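What follows is the content of coords-v3.cif (mmCIF, C-alpha atoms).
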data_input
loop_
_atom_site.label_atom_id
_atom_site.label_comp_id
_atom_site.auth_asym_id
_atom_site.auth_seq_id
_atom_site.Cartn_x
_atom_site.Cartn_y
_atom_site.Cartn_z
CA GLU A 1 -66.18 -2.50 -125.38
CA CYS A 2 -67.16 -0.60 -128.49
CA LEU A 3 -67.10 -1.92 -132.06
CA VAL A 4 -66.23 0.77 -134.56
CA PRO A 5 -65.42 -0.41 -138.08
CA LYS A 6 -63.62 2.33 -140.00
CA GLU A 7 -61.45 2.37 -143.05
CA ALA A 8 -57.79 3.33 -143.03
CA GLN A 9 -55.65 5.04 -145.65
CA GLN A 10 -56.27 4.37 -149.34
CA GLY A 11 -59.34 2.26 -148.63
CA ALA A 12 -57.37 -0.67 -147.22
CA ALA A 13 -59.06 -1.84 -144.05
CA VAL A 14 -56.80 -2.20 -141.04
CA SER A 15 -59.45 -4.06 -139.12
CA SER A 16 -63.10 -4.95 -139.41
CA ALA A 17 -63.66 -4.32 -135.69
CA LEU A 18 -61.43 -3.33 -132.81
CA MET A 19 -62.44 -3.32 -129.16
CA VAL A 20 -60.87 -1.47 -126.25
CA ASP A 21 -61.23 -2.83 -122.74
CA MET A 22 -59.79 -2.03 -119.35
CA ASP A 23 -58.49 -4.79 -117.11
CA HIS A 24 -58.65 -4.01 -113.37
CA ALA A 25 -59.83 -5.36 -110.04
CA PRO A 26 -63.59 -4.99 -109.39
CA THR A 27 -63.07 -3.37 -105.97
CA SER A 28 -60.58 -1.12 -104.23
CA ALA A 29 -60.28 0.94 -101.05
CA VAL A 30 -59.79 4.65 -100.48
CA GLY A 31 -56.10 5.48 -100.91
CA GLU A 32 -55.27 2.02 -102.28
CA PRO A 33 -53.66 2.18 -105.78
CA LEU A 34 -55.65 0.38 -108.50
CA GLN A 35 -53.68 -0.81 -111.55
CA VAL A 36 -55.65 -0.38 -114.82
CA ARG A 37 -54.41 -2.03 -118.04
CA ILE A 38 -55.75 -0.95 -121.43
CA ARG A 39 -56.00 -3.68 -124.05
CA VAL A 40 -57.04 -3.71 -127.70
CA ARG A 41 -58.63 -6.81 -129.24
CA GLY A 42 -59.58 -7.49 -132.84
CA THR A 43 -58.13 -8.47 -136.18
CA VAL A 44 -55.33 -6.18 -137.39
CA SER A 45 -54.26 -6.82 -141.00
CA ARG A 46 -51.06 -4.73 -140.85
CA ALA A 47 -48.90 -3.26 -138.10
CA ILE A 48 -50.04 0.25 -137.24
CA GLN A 49 -49.01 3.02 -134.89
CA ALA A 50 -51.83 3.94 -132.54
CA LYS A 51 -52.37 6.72 -130.02
CA VAL A 52 -53.91 5.75 -126.66
CA ARG A 53 -55.57 8.47 -124.56
CA VAL A 54 -57.07 8.38 -121.07
CA SER A 55 -59.50 11.27 -120.62
CA PRO A 56 -60.15 11.87 -116.92
CA LYS A 57 -61.99 15.12 -117.67
CA GLU A 58 -64.57 13.26 -119.76
CA SER A 59 -65.41 10.94 -116.90
CA SER A 60 -68.80 11.43 -115.28
CA GLU A 61 -67.02 11.61 -111.92
CA THR A 62 -65.73 14.79 -110.35
CA PRO A 63 -61.93 15.08 -110.29
CA GLU A 64 -61.96 14.96 -106.47
CA LYS A 65 -62.95 11.28 -106.54
CA PHE A 66 -59.64 9.92 -107.85
CA PHE A 67 -56.03 10.68 -108.67
CA ILE A 68 -54.30 9.30 -111.78
CA SER A 69 -50.65 8.34 -111.76
CA GLY A 70 -48.77 7.38 -114.90
CA PRO A 71 -49.08 8.34 -118.55
CA THR A 72 -52.46 9.49 -119.84
CA THR A 73 -51.34 9.58 -123.49
CA THR A 74 -48.93 7.30 -125.34
CA HIS A 75 -48.14 5.93 -128.78
CA THR A 76 -47.90 2.19 -129.36
CA ILE A 77 -47.57 -0.28 -132.22
CA LEU A 78 -50.44 -2.69 -132.79
CA ALA A 79 -48.96 -5.82 -134.35
CA VAL A 80 -50.63 -7.91 -137.04
CA GLN A 81 -53.27 -9.95 -135.23
CA GLU A 82 -55.22 -12.82 -136.77
CA ASP A 83 -56.99 -13.95 -133.59
CA PRO A 84 -59.64 -11.36 -132.65
CA LYS A 85 -59.89 -12.74 -129.09
CA LYS A 86 -56.20 -12.30 -128.26
CA PRO A 87 -55.64 -8.88 -126.63
CA GLN A 88 -52.68 -6.59 -127.18
CA ALA A 89 -51.66 -4.55 -124.15
CA CYS A 90 -51.32 -0.86 -124.97
CA MET A 91 -50.61 0.90 -121.71
CA SER A 92 -51.40 1.00 -118.02
CA PHE A 93 -51.96 3.62 -115.39
CA THR A 94 -52.63 3.70 -111.67
CA LEU A 95 -55.79 5.21 -110.25
CA VAL A 96 -56.02 6.09 -106.56
CA PRO A 97 -59.62 6.42 -105.29
CA LEU A 98 -60.13 9.31 -102.87
CA ARG A 99 -63.74 8.63 -101.76
CA PRO A 100 -65.76 5.48 -101.01
CA GLY A 101 -68.64 4.32 -103.20
CA SER A 102 -69.09 3.50 -106.88
CA LEU A 103 -66.40 5.02 -109.11
CA THR A 104 -66.56 5.31 -112.90
CA LEU A 105 -63.11 5.05 -114.47
CA PRO A 106 -62.02 7.61 -117.07
CA ARG A 107 -62.88 7.15 -120.74
CA VAL A 108 -60.21 5.62 -123.01
CA ALA A 109 -59.76 6.18 -126.76
CA VAL A 110 -57.41 4.49 -129.25
CA SER A 111 -56.87 6.14 -132.63
CA ALA A 112 -54.76 5.52 -135.73
CA ASP A 113 -54.87 6.56 -139.36
CA SER A 114 -58.46 7.67 -139.93
CA TRP A 115 -60.26 5.68 -137.22
CA GLU A 116 -60.88 5.94 -133.50
CA VAL A 117 -62.21 3.37 -131.04
CA ASN A 118 -63.70 4.53 -127.74
CA GLY A 119 -63.83 2.19 -124.80
CA VAL A 120 -66.90 2.19 -122.59
CA PRO A 121 -66.04 3.46 -119.11
CA SER A 122 -65.79 0.78 -116.49
CA SER A 123 -66.52 1.08 -112.80
CA VAL A 124 -65.22 -0.22 -109.48
CA PHE A 125 -66.64 -0.19 -105.98
CA VAL A 126 -64.43 1.65 -103.49
CA PHE A 127 -64.56 0.63 -99.84
CA PRO A 128 -63.70 3.07 -97.03
CA ALA A 129 -60.04 3.08 -96.00
CA PRO A 130 -59.18 0.36 -93.50
CA GLN A 131 -58.72 1.63 -89.97
CA PRO A 132 -55.11 1.74 -88.80
CA VAL A 133 -54.21 -0.92 -86.27
CA HIS A 134 -52.34 0.17 -83.13
CA HIS A 135 -50.41 -2.60 -81.44
CA ARG A 136 -50.10 -2.30 -77.66
CA SER A 137 -47.63 -4.20 -75.62
CA VAL A 138 -48.85 -5.67 -72.35
CA ILE A 139 -46.39 -5.54 -69.52
#

Can you turn what I pasted into structure tokens?
Amino acid sequence: ECLVPKEAQQGAAVSSALMVDMDHAPTSAVGEPLQVRIRVRGTVSRAIQAKVRVSPKESSETPEKFFISGPTTTHTILAVQEDPKKPQACMSFTLVPLRPGSLTLPRVAVSADSWEVNGVPSSVFVFPAPQPVHHRSVI
């Protein structure tokens, strides 16, 4: 999560602080799809159109460690929000780990008007792929 207070058009503040977080399971396995949901929390004083970007190239991981499925850029509407703890879902994507070990997820940024909020990359632990089971019939 990253707090970035910025002012919007004509000096009217859209929010005093917005936070971007990623919701996902803490572990996965090689080849097992991992659903990642991007959420924005904070007080929004007026409805705004925001751009959400997932930047796999800015990740500290090499591109051979995962595959991303789904949109990596989208536009969404952030509704007026009085409760700073209530998240608004922006988008989701699926990440497929290709190697075992610790995996840092790609960086996420949400921008609108004249401000941008960057989420801190999250990480998951990836287990080796489960061994296939061969059933044998006994005669």

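CA of Ser92 (chain A) to CA of Arg46 (chain A) spans 23.5 Å [interatomic distance, one decimal].
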
- Message: One number please: CA of Val54 (chain A) to CA of Asp21 (chain A), in Å, one decimal.
- Response: 12.1 Å

- Message: What would the selection look like, as an MDAnalysis selection string, if the PyMOL selection byres ((chain A and resi 119) around 9) were run on the coordinates I just shared?
- Response: chainID A and resid 1:3 19:22 107:110 117:118 120:122

Write out as a PDB file with C-alpha atoms, in the coordinates of the input which residues come within 7 Å of His24 (chain A) when counting all atoms listed in the file, dropping same-chain ones fewer than 2 positions away.
ATOM      1  CA  MET A  22     -59.790  -2.030-119.350  1.00  0.00           C
ATOM      2  CA  PRO A  26     -63.590  -4.990-109.390  1.00  0.00           C
ATOM      3  CA  GLN A  35     -53.680  -0.810-111.550  1.00  0.00           C
ATOM      4  CA  VAL A  36     -55.650  -0.380-114.820  1.00  0.00           C
ATOM      5  CA  ARG A  37     -54.410  -2.030-118.040  1.00  0.00           C
TER       6      ARG A  37
END

- Task: I would like the residues chosen by the PyMOL selection byres ((chain A and resi 95) around 8) on the shown file; could you give them as a PyMOL selection string?
- Result: chain A and resi 33-36+66-69+93-94+96-97

Go ahead and fit an axis-aligned box to every listed atom of region 68-80 of chain A plus 6 Å each side, and pass me the centre and edge lengths in Å, one decimal, as JSON.
{"center_x": -50.9, "center_y": 0.8, "center_z": -124.4, "size_x": 18.7, "size_y": 29.5, "size_z": 37.3}

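Comparing the minimum interatomic distances between Pro56 (chain A) and each of A:Gln81, A:Ser123, A:Thr104, A:Thr43, counting all atoms listed in the file, we find that A:Thr104 sits nearest.
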
- Task: Determine, counting only C-alpha atoms, every residue of protein, DNA or RNA that lies within 10 Å of (-51.4, -8.8, -137.6) in the file coordinates, then give the result as a ChimeraX atom specification.
- Result: /A:14-15,42-48,78-84

Would you export the selected residues with C-alpha atoms as a PDB file, keeping the file's coordinate frame, please?
ATOM      1  CA  VAL A  14     -56.800  -2.200-141.040  1.00  0.00           C
ATOM      2  CA  SER A  15     -59.450  -4.060-139.120  1.00  0.00           C
ATOM      3  CA  GLY A  42     -59.580  -7.490-132.840  1.00  0.00           C
ATOM      4  CA  THR A  43     -58.130  -8.470-136.180  1.00  0.00           C
ATOM      5  CA  VAL A  44     -55.330  -6.180-137.390  1.00  0.00           C
ATOM      6  CA  SER A  45     -54.260  -6.820-141.000  1.00  0.00           C
ATOM      7  CA  ARG A  46     -51.060  -4.730-140.850  1.00  0.00           C
ATOM      8  CA  ALA A  47     -48.900  -3.260-138.100  1.00  0.00           C
ATOM      9  CA  ILE A  48     -50.040   0.250-137.240  1.00  0.00           C
ATOM     10  CA  LEU A  78     -50.440  -2.690-132.790  1.00  0.00           C
ATOM     11  CA  ALA A  79     -48.960  -5.820-134.350  1.00  0.00           C
ATOM     12  CA  VAL A  80     -50.630  -7.910-137.040  1.00  0.00           C
ATOM     13  CA  GLN A  81     -53.270  -9.950-135.230  1.00  0.00           C
ATOM     14  CA  GLU A  82     -55.220 -12.820-136.770  1.00  0.00           C
ATOM     15  CA  ASP A  83     -56.990 -13.950-133.590  1.00  0.00           C
ATOM     16  CA  PRO A  84     -59.640 -11.360-132.650  1.00  0.00           C
TER      17      PRO A  84
END

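When only C-alpha atoms are used to measure the gap to Thr72 (chain A), the shortest distance among A:Ala129, A:Val52, A:Ala89, A:Val30 belongs to A:Val52.
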
Missing atoms in region 35-51 of chain A: can you complete it with N, CA, C and O atoms, as a compact mmCIF listing (two decimals), in the frame of the given file?
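result-v4.txt, freshly written:
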# COMPACT_ATOMS: atom_id res chain seq x y z
N GLN A 35 -54.36 -0.71 -110.25
CA GLN A 35 -53.68 -0.81 -111.55
C GLN A 35 -54.73 -1.06 -112.64
O GLN A 35 -55.54 -1.98 -112.53
N VAL A 36 -54.71 -0.24 -113.70
CA VAL A 36 -55.65 -0.38 -114.82
C VAL A 36 -54.83 -0.60 -116.09
O VAL A 36 -53.96 0.20 -116.43
N ARG A 37 -55.10 -1.72 -116.79
CA ARG A 37 -54.41 -2.03 -118.04
C ARG A 37 -55.39 -1.86 -119.20
O ARG A 37 -56.52 -2.34 -119.14
N ILE A 38 -54.94 -1.17 -120.24
CA ILE A 38 -55.75 -0.95 -121.43
C ILE A 38 -55.31 -1.94 -122.48
O ILE A 38 -54.12 -2.06 -122.77
N ARG A 39 -56.30 -2.66 -123.05
CA ARG A 39 -56.00 -3.68 -124.05
C ARG A 39 -56.87 -3.46 -125.28
O ARG A 39 -58.02 -3.04 -125.17
N VAL A 40 -56.31 -3.79 -126.44
CA VAL A 40 -57.04 -3.71 -127.70
C VAL A 40 -57.17 -5.12 -128.24
O VAL A 40 -56.20 -5.87 -128.27
N ARG A 41 -58.39 -5.49 -128.64
CA ARG A 41 -58.63 -6.81 -129.24
C ARG A 41 -59.25 -6.60 -130.61
O ARG A 41 -59.95 -5.63 -130.85
N GLY A 42 -59.00 -7.54 -131.50
CA GLY A 42 -59.58 -7.49 -132.84
C GLY A 42 -58.56 -7.93 -133.87
O GLY A 42 -57.38 -8.13 -133.57
N THR A 43 -58.99 -8.06 -135.09
CA THR A 43 -58.13 -8.47 -136.18
C THR A 43 -57.44 -7.24 -136.76
O THR A 43 -58.11 -6.28 -137.14
N VAL A 44 -56.12 -7.27 -136.82
CA VAL A 44 -55.33 -6.18 -137.39
C VAL A 44 -54.58 -6.77 -138.58
O VAL A 44 -53.80 -7.70 -138.43
N SER A 45 -54.84 -6.24 -139.78
CA SER A 45 -54.26 -6.82 -141.00
C SER A 45 -52.85 -6.34 -141.29
O SER A 45 -52.13 -6.96 -142.06
N ARG A 46 -52.43 -5.21 -140.68
CA ARG A 46 -51.06 -4.73 -140.85
C ARG A 46 -50.67 -4.00 -139.57
O ARG A 46 -51.53 -3.50 -138.85
N ALA A 47 -49.37 -3.96 -139.29
CA ALA A 47 -48.90 -3.26 -138.10
C ALA A 47 -49.18 -1.77 -138.25
O ALA A 47 -48.95 -1.19 -139.31
N ILE A 48 -49.71 -1.17 -137.19
CA ILE A 48 -50.04 0.25 -137.24
C ILE A 48 -49.61 0.94 -135.95
O ILE A 48 -49.55 0.31 -134.89
N GLN A 49 -49.31 2.21 -136.06
CA GLN A 49 -49.01 3.02 -134.89
C GLN A 49 -50.32 3.61 -134.40
O GLN A 49 -51.08 4.18 -135.17
N ALA A 50 -50.58 3.46 -133.11
CA ALA A 50 -51.83 3.94 -132.54
C ALA A 50 -51.55 4.88 -131.37
O ALA A 50 -50.53 4.74 -130.69
N LYS A 51 -52.46 5.80 -131.16
CA LYS A 51 -52.37 6.72 -130.02
C LYS A 51 -53.42 6.30 -129.01
O LYS A 51 -54.58 6.11 -129.35
